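Structure file coords29.pdb (PDB, C-alpha atoms) is printed below.
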```pdb
ATOM      1  CA  MET R 763       0.000   0.000   0.000  1.00  0.00           C
ATOM      2  CA  LYS R 764       1.529   3.305  -1.038  1.00  0.00           C
ATOM      3  CA  ALA R 765       0.681   6.975  -1.024  1.00  0.00           C
ATOM      4  CA  ALA R 766       1.954  10.391  -2.064  1.00  0.00           C
ATOM      5  CA  ILE R 767       0.817  13.988  -2.162  1.00  0.00           C
ATOM      6  CA  VAL R 768      -0.350  14.927  -5.662  1.00  0.00           C
ATOM      7  CA  ASP R 769      -0.739  18.198  -7.532  1.00  0.00           C
ATOM      8  CA  VAL R 770      -4.095  17.425  -9.152  1.00  0.00           C
ATOM      9  CA  SER R 771      -3.737  20.293 -11.630  1.00  0.00           C
ATOM     10  CA  SER R 772      -0.618  18.798 -13.224  1.00  0.00           C
ATOM     11  CA  GLY R 773      -0.597  15.142 -12.169  1.00  0.00           C
ATOM     12  CA  GLU R 774       2.829  15.570 -10.589  1.00  0.00           C
ATOM     13  CA  LEU R 775       3.791  13.943  -7.302  1.00  0.00           C
ATOM     14  CA  LEU R 776       4.841  16.564  -4.770  1.00  0.00           C
ATOM     15  CA  THR R 777       6.507  13.966  -2.543  1.00  0.00           C
ATOM     16  CA  ASP R 778       8.177  10.613  -2.903  1.00  0.00           C
ATOM     17  CA  ARG R 779       5.855   7.659  -2.649  1.00  0.00           C
ATOM     18  CA  PHE R 780       5.699   6.160   0.842  1.00  0.00           C
ATOM     19  CA  ARG R 781       5.036   2.442   0.989  1.00  0.00           C
ATOM     20  CA  ILE R 782       3.896   0.067   3.735  1.00  0.00           C
ATOM     21  CA  ASP R 783       3.626  -3.668   3.093  1.00  0.00           C
ATOM     22  CA  THR R 784       0.050  -4.856   2.684  1.00  0.00           C
ATOM     23  CA  PRO R 785      -0.950  -6.689   5.867  1.00  0.00           C
ATOM     24  CA  GLN R 786      -1.643 -10.413   5.704  1.00  0.00           C
ATOM     25  CA  PRO R 787      -4.451 -11.213   5.928  1.00  0.00           C
ATOM     26  CA  ALA R 788      -5.557  -7.967   4.277  1.00  0.00           C
ATOM     27  CA  THR R 789      -8.738  -7.554   6.313  1.00  0.00           C
ATOM     28  CA  PRO R 790     -10.639  -4.255   6.423  1.00  0.00           C
ATOM     29  CA  GLU R 791      -9.431  -3.493   9.938  1.00  0.00           C
ATOM     30  CA  ALA R 792      -5.785  -4.257   9.133  1.00  0.00           C
ATOM     31  CA  MET R 793      -5.807  -2.171   5.967  1.00  0.00           C
ATOM     32  CA  ALA R 794      -7.566   0.695   7.735  1.00  0.00           C
ATOM     33  CA  THR R 795      -4.638   0.836  10.146  1.00  0.00           C
ATOM     34  CA  VAL R 796      -2.220   1.143   7.224  1.00  0.00           C
ATOM     35  CA  VAL R 797      -4.309   3.925   5.665  1.00  0.00           C
ATOM     36  CA  HIS R 798      -4.109   5.768   8.992  1.00  0.00           C
ATOM     37  CA  ASP R 799      -0.331   5.334   9.037  1.00  0.00           C
ATOM     38  CA  LEU R 800       0.059   6.522   5.433  1.00  0.00           C
ATOM     39  CA  VAL R 801      -1.976   9.666   6.097  1.00  0.00           C
ATOM     40  CA  THR R 802      -0.127  10.318   9.348  1.00  0.00           C
ATOM     41  CA  HIS R 803       3.253   9.947   7.624  1.00  0.00           C
ATOM     42  CA  PHE R 804       2.472  12.982   5.464  1.00  0.00           C
ATOM     43  CA  SER R 805       0.755  14.925   8.289  1.00  0.00           C
ATOM     44  CA  TRP R 806      -2.101  15.199   5.803  1.00  0.00           C
ATOM     45  CA  THR R 807      -5.359  16.805   6.921  1.00  0.00           C
ATOM     46  CA  ALA R 808      -7.245  17.270   3.640  1.00  0.00           C
ATOM     47  CA  ALA R 809      -9.313  14.694   1.729  1.00  0.00           C
ATOM     48  CA  VAL R 810      -7.869  11.450   0.349  1.00  0.00           C
ATOM     49  CA  GLY R 811      -8.680   9.283  -2.661  1.00  0.00           C
ATOM     50  CA  VAL R 812      -7.937   5.561  -2.564  1.00  0.00           C
ATOM     51  CA  GLY R 813      -7.632   3.116  -5.470  1.00  0.00           C
ATOM     52  CA  PHE R 814      -8.798  -0.385  -4.550  1.00  0.00           C
ATOM     53  CA  PRO R 815      -8.686  -3.717  -6.448  1.00  0.00           C
ATOM     54  CA  ALA R 816     -12.428  -4.408  -6.416  1.00  0.00           C
ATOM     55  CA  VAL R 817     -15.789  -3.166  -7.601  1.00  0.00           C
ATOM     56  CA  VAL R 818     -16.564  -0.096  -5.494  1.00  0.00           C
ATOM     57  CA  ARG R 819     -20.025   1.468  -5.707  1.00  0.00           C
ATOM     58  CA  LYS R 820     -20.755   4.585  -3.657  1.00  0.00           C
ATOM     59  CA  GLY R 821     -17.859   3.706  -1.393  1.00  0.00           C
ATOM     60  CA  VAL R 822     -19.031   0.140  -0.723  1.00  0.00           C
ATOM     61  CA  VAL R 823     -16.919  -2.849  -1.821  1.00  0.00           C
ATOM     62  CA  ARG R 824     -18.942  -5.269  -3.948  1.00  0.00           C
ATOM     63  CA  SER R 825     -16.414  -7.863  -5.145  1.00  0.00           C
ATOM     64  CA  ALA R 826     -13.432  -9.764  -3.786  1.00  0.00           C
ATOM     65  CA  ALA R 827     -11.740 -11.611  -6.637  1.00  0.00           C
ATOM     66  CA  ASN R 828      -8.234 -10.589  -5.549  1.00  0.00           C
ATOM     67  CA  ILE R 829      -8.775  -9.417  -1.969  1.00  0.00           C
ATOM     68  CA  ASP R 830      -9.924 -10.911   1.331  1.00  0.00           C
ATOM     69  CA  VAL R 831     -13.589 -11.961   1.174  1.00  0.00           C
ATOM     70  CA  SER R 832     -14.272 -10.099   4.420  1.00  0.00           C
ATOM     71  CA  TRP R 833     -14.351  -6.915   2.309  1.00  0.00           C
ATOM     72  CA  ILE R 834     -17.662  -7.774   0.656  1.00  0.00           C
ATOM     73  CA  ASP R 835     -20.322  -5.132   1.475  1.00  0.00           C
ATOM     74  CA  VAL R 836     -17.945  -3.081   3.628  1.00  0.00           C
ATOM     75  CA  ASP R 837     -18.485   0.686   3.440  1.00  0.00           C
ATOM     76  CA  ALA R 838     -14.815   1.391   2.787  1.00  0.00           C
ATOM     77  CA  ASP R 839     -15.350   5.151   2.466  1.00  0.00           C
ATOM     78  CA  ALA R 840     -16.708   5.232   6.012  1.00  0.00           C
ATOM     79  CA  LEU R 841     -14.142   2.771   7.393  1.00  0.00           C
ATOM     80  CA  PHE R 842     -11.112   4.624   6.036  1.00  0.00           C
ATOM     81  CA  THR R 843     -12.582   8.043   6.850  1.00  0.00           C
ATOM     82  CA  GLU R 844     -12.899   7.023  10.500  1.00  0.00           C
ATOM     83  CA  ALA R 845      -9.448   5.408  10.587  1.00  0.00           C
ATOM     84  CA  ALA R 846      -7.599   8.321   8.960  1.00  0.00           C
ATOM     85  CA  ASP R 847      -9.720  11.107  10.447  1.00  0.00           C
ATOM     86  CA  VAL R 848      -9.951  12.740   7.013  1.00  0.00           C
ATOM     87  CA  ARG R 849     -12.583  12.378   4.286  1.00  0.00           C
ATOM     88  CA  VAL R 850     -11.811   9.391   2.068  1.00  0.00           C
ATOM     89  CA  HIS R 851     -13.354   8.293  -1.222  1.00  0.00           C
ATOM     90  CA  MET R 852     -12.662   4.929  -2.850  1.00  0.00           C
ATOM     91  CA  ILE R 853     -12.407   4.032  -6.533  1.00  0.00           C
ATOM     92  CA  ASN R 854     -11.517   0.862  -8.413  1.00  0.00           C
ATOM     93  CA  ASP R 855      -7.742   0.867  -8.868  1.00  0.00           C
ATOM     94  CA  ALA R 856      -7.738   0.377 -12.653  1.00  0.00           C
ATOM     95  CA  ASP R 857     -10.341   3.124 -12.969  1.00  0.00           C
ATOM     96  CA  ALA R 858      -8.004   5.364 -10.975  1.00  0.00           C
ATOM     97  CA  ALA R 859      -5.039   4.564 -13.223  1.00  0.00           C
ATOM     98  CA  GLY R 860      -7.200   5.215 -16.266  1.00  0.00           C
ATOM     99  CA  LEU R 861      -8.324   8.589 -14.939  1.00  0.00           C
ATOM    100  CA  ALA R 862      -4.685   9.639 -14.633  1.00  0.00           C
ATOM    101  CA  GLU R 863      -3.747   8.416 -18.105  1.00  0.00           C
ATOM    102  CA  VAL R 864      -6.776  10.049 -19.735  1.00  0.00           C
ATOM    103  CA  ARG R 865      -6.185  13.346 -17.928  1.00  0.00           C
ATOM    104  CA  PHE R 866      -2.387  13.564 -18.036  1.00  0.00           C
ATOM    105  CA  GLY R 867      -0.916  10.595 -19.933  1.00  0.00           C
ATOM    106  CA  ALA R 868      -1.334   8.468 -23.041  1.00  0.00           C
ATOM    107  CA  GLY R 869      -5.057   9.221 -23.405  1.00  0.00           C
ATOM    108  CA  ARG R 870      -4.822  12.971 -22.968  1.00  0.00           C
ATOM    109  CA  GLY R 871      -6.906  14.804 -25.575  1.00  0.00           C
ATOM    110  CA  TYR R 872      -8.110  11.531 -27.083  1.00  0.00           C
ATOM    111  CA  HIS R 873     -11.788  11.334 -28.024  1.00  0.00           C
ATOM    112  CA  GLY R 874     -13.931   8.254 -28.475  1.00  0.00           C
ATOM    113  CA  VAL R 875     -13.781   4.979 -26.544  1.00  0.00           C
ATOM    114  CA  VAL R 876     -10.539   4.505 -24.618  1.00  0.00           C
ATOM    115  CA  MET R 877      -9.773   1.342 -22.663  1.00  0.00           C
ATOM    116  CA  MET R 878      -7.133   1.292 -19.928  1.00  0.00           C
ATOM    117  CA  LEU R 879      -5.922  -2.223 -19.114  1.00  0.00           C
ATOM    118  CA  THR R 880      -3.488  -2.995 -16.298  1.00  0.00           C
ATOM    119  CA  PHE R 881      -1.505  -6.226 -16.452  1.00  0.00           C
ATOM    120  CA  GLY R 882      -0.152  -7.299 -13.088  1.00  0.00           C
ATOM    121  CA  THR R 883      -1.328  -9.871 -10.551  1.00  0.00           C
ATOM    122  CA  GLY R 884      -4.635  -9.718 -12.420  1.00  0.00           C
ATOM    123  CA  ILE R 885      -6.023  -7.631 -15.257  1.00  0.00           C
ATOM    124  CA  GLY R 886      -7.728  -4.384 -14.350  1.00  0.00           C
ATOM    125  CA  SER R 887      -9.769  -2.271 -16.742  1.00  0.00           C
ATOM    126  CA  GLY R 888     -10.958   1.298 -17.030  1.00  0.00           C
ATOM    127  CA  LEU R 889     -13.404   2.281 -19.776  1.00  0.00           C
ATOM    128  CA  PHE R 890     -13.768   5.901 -20.928  1.00  0.00           C
ATOM    129  CA  VAL R 891     -16.111   7.481 -23.470  1.00  0.00           C
ATOM    130  CA  ASP R 892     -14.957  10.955 -24.525  1.00  0.00           C
ATOM    131  CA  GLY R 893     -13.030  11.170 -21.269  1.00  0.00           C
ATOM    132  CA  VAL R 894     -15.938  10.120 -19.050  1.00  0.00           C
ATOM    133  CA  LEU R 895     -15.382   7.025 -16.891  1.00  0.00           C
ATOM    134  CA  VAL R 896     -17.719   4.035 -17.070  1.00  0.00           C
ATOM    135  CA  PRO R 897     -16.783   2.562 -13.671  1.00  0.00           C
ATOM    136  CA  ASN R 898     -16.129  -0.951 -12.421  1.00  0.00           C
ATOM    137  CA  THR R 899     -15.885  -2.815 -15.725  1.00  0.00           C
ATOM    138  CA  GLU R 900     -13.524  -5.473 -14.260  1.00  0.00           C
ATOM    139  CA  LEU R 901     -12.832  -6.968 -17.697  1.00  0.00           C
ATOM    140  CA  GLY R 902     -10.058  -9.185 -16.388  1.00  0.00           C
ATOM    141  CA  HIS R 903     -12.883 -11.488 -15.313  1.00  0.00           C
ATOM    142  CA  LEU R 904     -14.353 -11.931 -18.769  1.00  0.00           C
ATOM    143  CA  GLU R 905     -14.697 -15.620 -19.560  1.00  0.00           C
ATOM    144  CA  LEU R 906     -12.259 -16.639 -22.279  1.00  0.00           C
ATOM    145  CA  ASP R 907     -11.640 -20.273 -23.237  1.00  0.00           C
ATOM    146  CA  GLY R 908     -13.735 -21.336 -20.264  1.00  0.00           C
ATOM    147  CA  VAL R 909     -11.746 -19.470 -17.589  1.00  0.00           C
ATOM    148  CA  ASP R 910     -11.312 -15.976 -16.185  1.00  0.00           C
ATOM    149  CA  ALA R 911      -9.181 -14.209 -18.791  1.00  0.00           C
ATOM    150  CA  GLU R 912      -6.719 -12.936 -16.199  1.00  0.00           C
ATOM    151  CA  THR R 913      -5.785 -16.472 -15.155  1.00  0.00           C
ATOM    152  CA  ARG R 914      -4.106 -16.847 -18.569  1.00  0.00           C
ATOM    153  CA  ALA R 915      -3.186 -13.341 -19.652  1.00  0.00           C
ATOM    154  CA  ALA R 916      -2.214 -11.454 -16.483  1.00  0.00           C
ATOM    155  CA  ALA R 917       1.471 -10.680 -15.980  1.00  0.00           C
ATOM    156  CA  SER R 918       1.459 -13.119 -13.071  1.00  0.00           C
ATOM    157  CA  ALA R 919       0.442 -15.913 -15.482  1.00  0.00           C
ATOM    158  CA  ARG R 920       3.588 -15.305 -17.521  1.00  0.00           C
ATOM    159  CA  LYS R 921       5.743 -15.860 -14.459  1.00  0.00           C
ATOM    160  CA  ARG R 922       3.647 -18.759 -13.165  1.00  0.00           C
ATOM    161  CA  ASP R 923       3.767 -20.634 -16.471  1.00  0.00           C
ATOM    162  CA  GLU R 924       7.390 -19.592 -17.186  1.00  0.00           C
ATOM    163  CA  LEU R 925       6.442 -18.132 -20.565  1.00  0.00           C
ATOM    164  CA  SER R 926       8.688 -16.177 -22.885  1.00  0.00           C
ATOM    165  CA  TRP R 927       7.624 -12.630 -23.653  1.00  0.00           C
ATOM    166  CA  SER R 928       6.609 -13.776 -27.151  1.00  0.00           C
ATOM    167  CA  HIS R 929       4.435 -16.619 -25.880  1.00  0.00           C
ATOM    168  CA  TRP R 930       2.762 -14.432 -23.301  1.00  0.00           C
ATOM    169  CA  ALA R 931       2.211 -11.676 -25.897  1.00  0.00           C
ATOM    170  CA  LYS R 932       0.120 -14.144 -27.910  1.00  0.00           C
ATOM    171  CA  ARG R 933      -2.095 -14.707 -24.877  1.00  0.00           C
ATOM    172  CA  VAL R 934      -2.462 -10.961 -24.415  1.00  0.00           C
ATOM    173  CA  GLU R 935      -3.293 -10.571 -28.100  1.00  0.00           C
ATOM    174  CA  THR R 936      -6.031 -13.201 -27.826  1.00  0.00           C
ATOM    175  CA  TYR R 937      -7.469 -11.376 -24.832  1.00  0.00           C
ATOM    176  CA  LEU R 938      -7.299  -7.966 -26.508  1.00  0.00           C
ATOM    177  CA  ARG R 939      -9.039  -9.308 -29.608  1.00  0.00           C
ATOM    178  CA  HIS R 940     -11.859 -10.552 -27.364  1.00  0.00           C
ATOM    179  CA  VAL R 941     -12.258  -7.154 -25.694  1.00  0.00           C
ATOM    180  CA  GLU R 942     -11.952  -5.466 -29.074  1.00  0.00           C
ATOM    181  CA  ARG R 943     -14.891  -7.448 -30.438  1.00  0.00           C
ATOM    182  CA  LEU R 944     -17.031  -6.584 -27.413  1.00  0.00           C
ATOM    183  CA  PHE R 945     -16.341  -2.847 -27.145  1.00  0.00           C
ATOM    184  CA  SER R 946     -14.805  -1.649 -30.450  1.00  0.00           C
ATOM    185  CA  PRO R 947     -12.505   0.805 -28.642  1.00  0.00           C
ATOM    186  CA  ASP R 948     -10.520   3.499 -30.422  1.00  0.00           C
ATOM    187  CA  LEU R 949      -7.488   3.093 -28.165  1.00  0.00           C
ATOM    188  CA  PHE R 950      -6.033   0.605 -25.679  1.00  0.00           C
ATOM    189  CA  ILE R 951      -3.671   1.972 -23.019  1.00  0.00           C
ATOM    190  CA  ILE R 952      -1.570  -0.756 -21.418  1.00  0.00           C
ATOM    191  CA  GLY R 953      -0.461  -0.200 -17.839  1.00  0.00           C
ATOM    192  CA  GLY R 954       0.343  -2.196 -14.731  1.00  0.00           C
ATOM    193  CA  GLY R 955       3.608  -3.901 -13.869  1.00  0.00           C
ATOM    194  CA  ALA R 956       4.024  -5.422 -17.341  1.00  0.00           C
ATOM    195  CA  SER R 957       4.066  -1.974 -18.935  1.00  0.00           C
ATOM    196  CA  LYS R 958       7.547  -1.388 -17.477  1.00  0.00           C
ATOM    197  CA  SER R 959       8.805  -3.958 -20.009  1.00  0.00           C
ATOM    198  CA  ALA R 960       6.440  -2.952 -22.819  1.00  0.00           C
ATOM    199  CA  ASP R 961       9.255  -2.897 -25.378  1.00  0.00           C
ATOM    200  CA  GLN R 962       9.792  -6.623 -24.740  1.00  0.00           C
ATOM    201  CA  TRP R 963       6.304  -7.726 -25.734  1.00  0.00           C
ATOM    202  CA  LEU R 964       3.941  -4.968 -26.888  1.00  0.00           C
ATOM    203  CA  PRO R 965       5.419  -4.817 -30.433  1.00  0.00           C
ATOM    204  CA  LYS R 966       4.518  -8.519 -30.740  1.00  0.00           C
ATOM    205  CA  VAL R 967       0.800  -7.799 -30.196  1.00  0.00           C
ATOM    206  CA  HIS R 968      -1.066  -7.251 -33.468  1.00  0.00           C
ATOM    207  CA  ILE R 969      -4.720  -6.182 -33.392  1.00  0.00           C
ATOM    208  CA  ASP R 970      -6.818  -3.686 -35.330  1.00  0.00           C
ATOM    209  CA  THR R 971      -7.096  -1.157 -32.490  1.00  0.00           C
ATOM    210  CA  GLU R 972      -4.258   1.215 -31.647  1.00  0.00           C
ATOM    211  CA  VAL R 973      -2.350   0.010 -28.561  1.00  0.00           C
ATOM    212  CA  VAL R 974       0.032   2.217 -26.572  1.00  0.00           C
ATOM    213  CA  ALA R 975       1.942   1.856 -23.329  1.00  0.00           C
ATOM    214  CA  ALA R 976       0.846   3.938 -20.361  1.00  0.00           C
ATOM    215  CA  GLN R 977       2.976   7.017 -19.759  1.00  0.00           C
ATOM    216  CA  MET R 978       2.576   7.520 -16.016  1.00  0.00           C
ATOM    217  CA  ALA R 979       4.015   4.166 -14.907  1.00  0.00           C
ATOM    218  CA  ASN R 980       3.638   3.450 -11.188  1.00  0.00           C
ATOM    219  CA  ASN R 981       2.299   6.927 -10.457  1.00  0.00           C
ATOM    220  CA  ALA R 982      -0.968   6.465 -12.383  1.00  0.00           C
ATOM    221  CA  GLY R 983      -2.934   4.787  -9.593  1.00  0.00           C
ATOM    222  CA  ILE R 984      -1.935   7.364  -6.978  1.00  0.00           C
ATOM    223  CA  VAL R 985      -2.610  10.314  -9.273  1.00  0.00           C
ATOM    224  CA  GLY R 986      -5.977   8.937 -10.382  1.00  0.00           C
ATOM    225  CA  ALA R 987      -7.013   8.268  -6.815  1.00  0.00           C
ATOM    226  CA  ALA R 988      -6.140  11.838  -5.857  1.00  0.00           C
ATOM    227  CA  LEU R 989      -8.434  13.078  -8.618  1.00  0.00           C
ATOM    228  CA  VAL R 990     -11.461  11.574  -6.838  1.00  0.00           C
ATOM    229  CA  ALA R 991     -10.623  12.837  -3.344  1.00  0.00           C
ATOM    230  CA  PRO R 992     -13.749  14.545  -1.931  1.00  0.00           C
ATOM    231  CA  MET R 993     -13.838  18.282  -2.477  1.00  0.00           C
ATOM    232  CA  PRO R 994     -14.273  20.580   0.564  1.00  0.00           C
TER     233      PRO R 994
END
```
What do you get writing this file as structure tokens?
Amino acid sequence: MKAAIVDVSSGELLTDRFRIDTPQPATPEAMATVVHDLVTHFSWTAAVGVGFPAVVRKGVVRSAANIDVSWIDVDADALFTEAADVRVHMINDADAAGLAEVRFGAGRGYHGVVMMLTFGTGIGSGLFVDGVLVPNTELGHLELDGVDAETRAAASARKRDELSWSHWAKRVETYLRHVERLFSPDLFIIGGGASKSADQWLPKVHIDTEVVAAQMANNAGIVGAALVAPMP
């Protein structure tokens, strides 16, 4: 779990990122303590936005594919607000990264349907129409070849199955073609941990839609989360 102070007018980090290991198990109470410690580290007293790897509707967590099941139906906005003693608003983490890329990065000034996809432990997705977010798409969980797509095409699957970049790129291409058929996007932005090595595999992906690497790297999630911090 990491945090930084963000200039939301420019997308620049005003501090270094401060990181605390995610507690295990990552229960609501344990993570709330970390949020408190992150806010305290910066002596921060204004509002906070938090990116979270789940469906989040009106601050309430509605899925738990990659987090502890005890999160289901937890009002995370209220929990973290109480723990940190500042106003907190939650957003899906891929949606947050997409907000940053559309506002400041690879999708800046781009009109039409833009899809942000993050390849890491799973596959996160953020869908934008003329810059407006369609939240909580969670397209890593599309069924493809009878399984959740992210079980075969996430960056973690490449390491798990000891795949070459070329072999894994073919899996990603198959996944992107599936999403392409469903949504007919104008642009794919590829982020997440795998985007750090985009030159190793992205040129091997060949689909009809334009595909570009994210520009904001590891800062995208923090910047996007800051953009949804509650206004005074």
Taking the point (-11.3, 6.8, 9.7) as given in the file, collect each protein or nucleic acid residue that comes within 12 Å of it, counting only C-alpha atoms, and present the set as a PDB file with C-alpha atoms, in the frame of the given file.
```pdb
ATOM      1  CA  PRO R 790     -10.639  -4.255   6.423  1.00  0.00           C
ATOM      2  CA  GLU R 791      -9.431  -3.493   9.938  1.00  0.00           C
ATOM      3  CA  MET R 793      -5.807  -2.171   5.967  1.00  0.00           C
ATOM      4  CA  ALA R 794      -7.566   0.695   7.735  1.00  0.00           C
ATOM      5  CA  THR R 795      -4.638   0.836  10.146  1.00  0.00           C
ATOM      6  CA  VAL R 796      -2.220   1.143   7.224  1.00  0.00           C
ATOM      7  CA  VAL R 797      -4.309   3.925   5.665  1.00  0.00           C
ATOM      8  CA  HIS R 798      -4.109   5.768   8.992  1.00  0.00           C
ATOM      9  CA  ASP R 799      -0.331   5.334   9.037  1.00  0.00           C
ATOM     10  CA  VAL R 801      -1.976   9.666   6.097  1.00  0.00           C
ATOM     11  CA  THR R 802      -0.127  10.318   9.348  1.00  0.00           C
ATOM     12  CA  THR R 807      -5.359  16.805   6.921  1.00  0.00           C
ATOM     13  CA  ALA R 809      -9.313  14.694   1.729  1.00  0.00           C
ATOM     14  CA  VAL R 810      -7.869  11.450   0.349  1.00  0.00           C
ATOM     15  CA  ASP R 837     -18.485   0.686   3.440  1.00  0.00           C
ATOM     16  CA  ALA R 838     -14.815   1.391   2.787  1.00  0.00           C
ATOM     17  CA  ASP R 839     -15.350   5.151   2.466  1.00  0.00           C
ATOM     18  CA  ALA R 840     -16.708   5.232   6.012  1.00  0.00           C
ATOM     19  CA  LEU R 841     -14.142   2.771   7.393  1.00  0.00           C
ATOM     20  CA  PHE R 842     -11.112   4.624   6.036  1.00  0.00           C
ATOM     21  CA  THR R 843     -12.582   8.043   6.850  1.00  0.00           C
ATOM     22  CA  GLU R 844     -12.899   7.023  10.500  1.00  0.00           C
ATOM     23  CA  ALA R 845      -9.448   5.408  10.587  1.00  0.00           C
ATOM     24  CA  ALA R 846      -7.599   8.321   8.960  1.00  0.00           C
ATOM     25  CA  ASP R 847      -9.720  11.107  10.447  1.00  0.00           C
ATOM     26  CA  VAL R 848      -9.951  12.740   7.013  1.00  0.00           C
ATOM     27  CA  ARG R 849     -12.583  12.378   4.286  1.00  0.00           C
ATOM     28  CA  VAL R 850     -11.811   9.391   2.068  1.00  0.00           C
ATOM     29  CA  HIS R 851     -13.354   8.293  -1.222  1.00  0.00           C
TER      30      HIS R 851
END
```
Determine the residue set returned by the PyMOL selection byres ((chain R and resi 940-953) around 7) for the present structure, and present it as a list in words.
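With the PyMOL selection byres ((chain R and resi 940-953) around 7) on this model, the match is Ala868, Gly874, Val875, Val876, Met877, Met878, Leu879, Thr880, Phe881, Thr936, Tyr937, Leu938, Arg939, Gly954, Gly955, Ala956, Ser957, Thr971, Glu972, Val973, Val974, Ala975, Ala976 and Ala979 of chain R.
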I need the residue nearest Trp806 (chain R) from this list: R:Ala766, R:Ala827, R:Ala856, R:Ala788. Use all atoms listed in the file for the distance.
R:Ala766
Hey, can I get the axis-aligned box for region 932-950 of chain R? All listed atoms, 8 Å padding on each side, centre and edge lengths in Å to one decimal, as AutoDock Vina command-line options.
```
--center_x -8.5 --center_y -5.6 --center_z -27.4 --size_x 33.2 --size_y 34.2 --size_z 22.0
```
Correct to one decimal, the distance CA of Ala808 (chain R)-CA of Gly867 (chain R) is 25.3 Å
Picked residues, the PyMOL selection byres ((chain R and resi 990) around 8), expected as a list in words:
Gly811, His851, Met852, Ile853, Gly986, Ala987, Ala988, Leu989, Ala991 and Pro992 of chain R
Name the residues that the PyMOL selection byres ((chain R and resi 963-970) around 7) pulls out of this structure, and write them as JSON, numbers by chain.
{"R": [927, 928, 931, 932, 935, 939, 960, 961, 962, 971, 972]}
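Among R:Ser926, R:Thr899, R:Thr913, R:Asn854, the residue with the shortest atom-to-atom distance to Thr883 (chain R), counting all atoms listed in the file, is R:Thr913.
If you look at CA of Ile834 (chain R) and CA of Glu863 (chain R), they are 28.4 Å away from each other.
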Calculate how many Å separate CA of Val896 (chain R) from CA of Met993 (chain R), rounding to one decimal.
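Going from CA of Val896 (chain R) over to CA of Met993 (chain R) covers 20.8 Å.
If only C-alpha atoms are the atoms counted, then among R:Ala859, R:Phe814, R:Phe866, R:Arg779 the closest residue to Leu800 (chain R) is R:Arg779.
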Output as an mmCIF file, in the frame of the given file: region 965-980 of chain R, completed with N, CA and C atoms.
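Once written, selection10.cif looks like this:
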```
data_model
loop_
_atom_site.group_PDB
_atom_site.id
_atom_site.type_symbol
_atom_site.label_atom_id
_atom_site.label_comp_id
_atom_site.auth_asym_id
_atom_site.auth_seq_id
_atom_site.Cartn_x
_atom_site.Cartn_y
_atom_site.Cartn_z
ATOM 1 N N PRO R 965 5.295 -4.788 -28.974
ATOM 2 C CA PRO R 965 5.419 -4.817 -30.433
ATOM 3 C C PRO R 965 5.019 -6.159 -31.054
ATOM 4 N N LYS R 966 4.904 -7.195 -30.243
ATOM 5 C CA LYS R 966 4.518 -8.519 -30.740
ATOM 6 C C LYS R 966 3.004 -8.722 -30.750
ATOM 7 N N VAL R 967 2.268 -7.739 -30.238
ATOM 8 C CA VAL R 967 0.800 -7.799 -30.196
ATOM 9 C C VAL R 967 0.245 -7.093 -31.430
ATOM 10 N N HIS R 968 -0.549 -7.810 -32.215
ATOM 11 C CA HIS R 968 -1.066 -7.251 -33.468
ATOM 12 C C HIS R 968 -2.590 -7.370 -33.504
ATOM 13 N N ILE R 969 -3.255 -6.236 -33.313
ATOM 14 C CA ILE R 969 -4.720 -6.182 -33.392
ATOM 15 C C ILE R 969 -5.095 -4.959 -34.220
ATOM 16 N N ASP R 970 -6.381 -4.797 -34.493
ATOM 17 C CA ASP R 970 -6.818 -3.686 -35.330
ATOM 18 C C ASP R 970 -6.795 -2.344 -34.592
ATOM 19 N N THR R 971 -7.028 -2.381 -33.284
ATOM 20 C CA THR R 971 -7.096 -1.157 -32.490
ATOM 21 C C THR R 971 -5.696 -0.663 -32.135
ATOM 22 N N GLU R 972 -5.536 0.647 -32.075
ATOM 23 C CA GLU R 972 -4.258 1.215 -31.647
ATOM 24 C C GLU R 972 -3.987 0.830 -30.193
ATOM 25 N N VAL R 973 -2.757 0.413 -29.910
ATOM 26 C CA VAL R 973 -2.350 0.010 -28.561
ATOM 27 C C VAL R 973 -1.097 0.791 -28.186
ATOM 28 N N VAL R 974 -1.129 1.455 -27.032
ATOM 29 C CA VAL R 974 0.032 2.217 -26.572
ATOM 30 C C VAL R 974 0.317 1.883 -25.112
ATOM 31 N N ALA R 975 1.562 2.060 -24.725
ATOM 32 C CA ALA R 975 1.942 1.856 -23.329
ATOM 33 C C ALA R 975 1.550 3.075 -22.507
ATOM 34 N N ALA R 976 1.154 2.843 -21.278
ATOM 35 C CA ALA R 976 0.846 3.938 -20.361
ATOM 36 C C ALA R 976 2.079 4.809 -20.166
ATOM 37 N N GLN R 977 1.872 6.073 -19.910
ATOM 38 C CA GLN R 977 2.976 7.017 -19.759
ATOM 39 C C GLN R 977 3.314 7.324 -18.303
ATOM 40 N N MET R 978 2.384 7.058 -17.385
ATOM 41 C CA MET R 978 2.576 7.520 -16.016
ATOM 42 C C MET R 978 3.139 6.456 -15.082
ATOM 43 N N ALA R 979 3.372 5.256 -15.652
ATOM 44 C CA ALA R 979 4.015 4.166 -14.907
ATOM 45 C C ALA R 979 3.350 3.957 -13.553
ATOM 46 N N ASN R 980 4.176 3.794 -12.506
ATOM 47 C CA ASN R 980 3.638 3.450 -11.188
ATOM 48 C C ASN R 980 2.894 4.598 -10.512
#
```
